[in-house]
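Notes follow once the structure below has been shown.
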Amino acid sequence: MLKIGVLALQGNVIEHVKAMQKASEACGIEAQVVQARDAQDLEGLDAIILPGGESTTLSLLLERAGMLGLLKEINAIFGTCAGLILMAKKANGKIEGQKGLELMDVEIDRNAYGSQLDSFESVLSCALLDDEKIMFIRAPKIKSIGAGVNVLAKLPDGGAAIIEQEKEGKYYLGAACHPEMSTCKIHEYFLQKAKEMKKG
Ligand code: GLN
């Protein structure tokens, strides 16, 4: 049984809990899904999801709760939207003092498509997905990726939408969009990766 956390400080928490529970049933990998609200809740997690929301707020709350350093010790991390901003080595448009985990070798532009009103949905070119429309809510753009980063899903304009990286024995998955709103297939993929990382 895997123990999967969903960071539950702010943002799209319940959608991820439900998508992960569905994914567990769909792919037959047993998982206990827990909401992580403080440092203690991170103990014993095999993987964690960092939901979308507002990266400035999330960063502040994580720092206050003393969770930033502990998150970095988790073997598999899946960040969506604001979660991806937290995971990026470089995120442009951060506010002063906004701290991140800086785990993935990518450069991200925050709020690159404009305001909340410029949110959109799109079918992605991705071997894991069919023709589900995936939502981009006040989304960041993945500007550039480092050598070890693999693109799993692309937008129609060719831009990266979902990326992954294995680094120093850990696995990172990042989405500029919100797959949890329309499918659990990306969660299934993450669960399989989390299982592999647990085996070592
Ligand atoms: N615009 C938000 C930020 O910069 C991210 C939006 C989202 O997570 N849907 O943190």
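Here, A, B, ... name the chains of the structure tokens in the order displayed, residue numbers run from 1 inside each chain, and ligands are numbered from 1 in the same displayed order.
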(message) Residues of stretch 32-150 of chain A classed as strand (DSSP E or B) by DSSP on the backbone are to be reported as a count of residues only.
(response) 41
(request) Write out as a ChimeraX atom specification which residues come within 10 Å of A:Ile14 when counting only C-alpha atoms, dropping same-chain ones fewer than 4 positions away. (result) /A:6,8,18-20,35,51,180
Could you write out that same residue set with all heavy atoms as an mmCIF file, in the first residue's frame?
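Dumped to part16.cif:
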```
data_model
loop_
_atom_site.group_PDB
_atom_site.id
_atom_site.type_symbol
_atom_site.label_atom_id
_atom_site.label_comp_id
_atom_site.auth_asym_id
_atom_site.auth_seq_id
_atom_site.Cartn_x
_atom_site.Cartn_y
_atom_site.Cartn_z
ATOM 1 N N VAL A 6 -1.776 14.756 -0.448
ATOM 2 C CA VAL A 6 -2.153 15.912 -1.272
ATOM 3 C C VAL A 6 -1.978 17.123 -0.361
ATOM 4 O O VAL A 6 -2.591 17.191 0.709
ATOM 5 C CB VAL A 6 -3.616 15.826 -1.764
ATOM 6 C CG1 VAL A 6 -3.991 17.092 -2.537
ATOM 7 C CG2 VAL A 6 -3.825 14.595 -2.636
ATOM 8 N N ALA A 8 -2.635 20.212 1.414
ATOM 9 C CA ALA A 8 -3.991 20.734 1.603
ATOM 10 C C ALA A 8 -3.983 22.077 2.332
ATOM 11 O O ALA A 8 -4.727 22.299 3.289
ATOM 12 C CB ALA A 8 -4.838 19.703 2.348
ATOM 13 N N LYS A 18 -9.743 13.052 -5.154
ATOM 14 C CA LYS A 18 -10.667 12.194 -5.907
ATOM 15 C C LYS A 18 -9.979 11.563 -7.111
ATOM 16 O O LYS A 18 -10.153 10.370 -7.381
ATOM 17 C CB LYS A 18 -11.880 13.008 -6.371
ATOM 18 C CG LYS A 18 -12.827 13.332 -5.240
ATOM 19 C CD LYS A 18 -14.073 14.026 -5.772
ATOM 20 C CE LYS A 18 -14.975 14.446 -4.627
ATOM 21 N NZ LYS A 18 -15.891 15.515 -5.013
ATOM 22 N N ALA A 19 -9.201 12.364 -7.851
ATOM 23 C CA ALA A 19 -8.520 11.830 -9.045
ATOM 24 C C ALA A 19 -7.536 10.727 -8.640
ATOM 25 O O ALA A 19 -7.405 9.707 -9.333
ATOM 26 C CB ALA A 19 -7.791 12.946 -9.797
ATOM 27 N N MET A 20 -6.862 10.910 -7.507
ATOM 28 C CA MET A 20 -5.892 9.898 -7.078
ATOM 29 C C MET A 20 -6.591 8.623 -6.612
ATOM 30 O O MET A 20 -6.131 7.510 -6.895
ATOM 31 C CB MET A 20 -4.989 10.489 -5.979
ATOM 32 C CG MET A 20 -3.816 9.642 -5.588
ATOM 33 S SD MET A 20 -2.969 8.832 -6.965
ATOM 34 C CE MET A 20 -1.723 10.030 -7.373
ATOM 35 N N GLN A 35 -4.640 14.051 3.238
ATOM 36 C CA GLN A 35 -4.435 15.483 3.053
ATOM 37 C C GLN A 35 -3.343 15.952 4.014
ATOM 38 O O GLN A 35 -3.415 15.684 5.210
ATOM 39 C CB GLN A 35 -5.737 16.242 3.305
ATOM 40 C CG GLN A 35 -6.809 15.866 2.296
ATOM 41 C CD GLN A 35 -8.050 16.741 2.397
ATOM 42 O OE1 GLN A 35 -7.983 17.910 2.771
ATOM 43 N NE2 GLN A 35 -9.192 16.171 2.050
ATOM 44 N N PRO A 51 -1.093 20.858 -5.362
ATOM 45 C CA PRO A 51 -2.180 21.308 -6.236
ATOM 46 C C PRO A 51 -1.958 22.721 -6.764
ATOM 47 O O PRO A 51 -1.130 23.475 -6.236
ATOM 48 C CB PRO A 51 -3.405 21.304 -5.327
ATOM 49 C CG PRO A 51 -2.973 20.810 -4.009
ATOM 50 C CD PRO A 51 -1.492 20.855 -3.953
ATOM 51 N N GLU A 180 -6.408 17.046 -13.237
ATOM 52 C CA GLU A 180 -7.315 16.493 -12.210
ATOM 53 C C GLU A 180 -8.771 16.889 -12.431
ATOM 54 O O GLU A 180 -9.677 16.260 -11.888
ATOM 55 C CB GLU A 180 -6.849 16.919 -10.800
ATOM 56 C CG GLU A 180 -7.144 18.350 -10.372
ATOM 57 C CD GLU A 180 -6.204 19.390 -10.971
ATOM 58 O OE1 GLU A 180 -5.335 19.014 -11.776
ATOM 59 O OE2 GLU A 180 -6.350 20.583 -10.644
#
```
(request) Determine, counting only C-alpha atoms, which protein, DNA and RNA residues have an atom within 6 Å of an atom of stretch 96-107 of chain A; residues of the same chain fewer than 5 positions away are not included. Present the result as a VMD selection string. (result) chain A and resid 56 59 86 to 91 143 to 146
(message) List as a PyMOL selection string the protein and nucleic acid residues lying within 6 Å of ligand 1, with only C-alpha atoms and all ligand atoms counted.
(response) chain A and resi 52-56+81-82+110-111+137-139
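Across A:Asp46, A:Glu63, A:Asp130, A:Asp118, the tightest approach to A:Ser182 is made by A:Asp130 when counting only C-alpha atoms.
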(request) Point out the residue among A:Pro140, A:Gly11, A:Gly28, A:Gly5 with the least atom-to-atom distance to A:Leu42, counting only C-alpha atoms. (result) A:Gly5
(message) Can you pull out every residue from stretch 8-186 of chain A that DSSP, working from the backbone, puts in helix (DSSP H, G or I), and format the result as a PyMOL selection string?
(response) chain A and resi 13-27+39-42+55-64+68-71+82-87+116-118+179-181+185-186
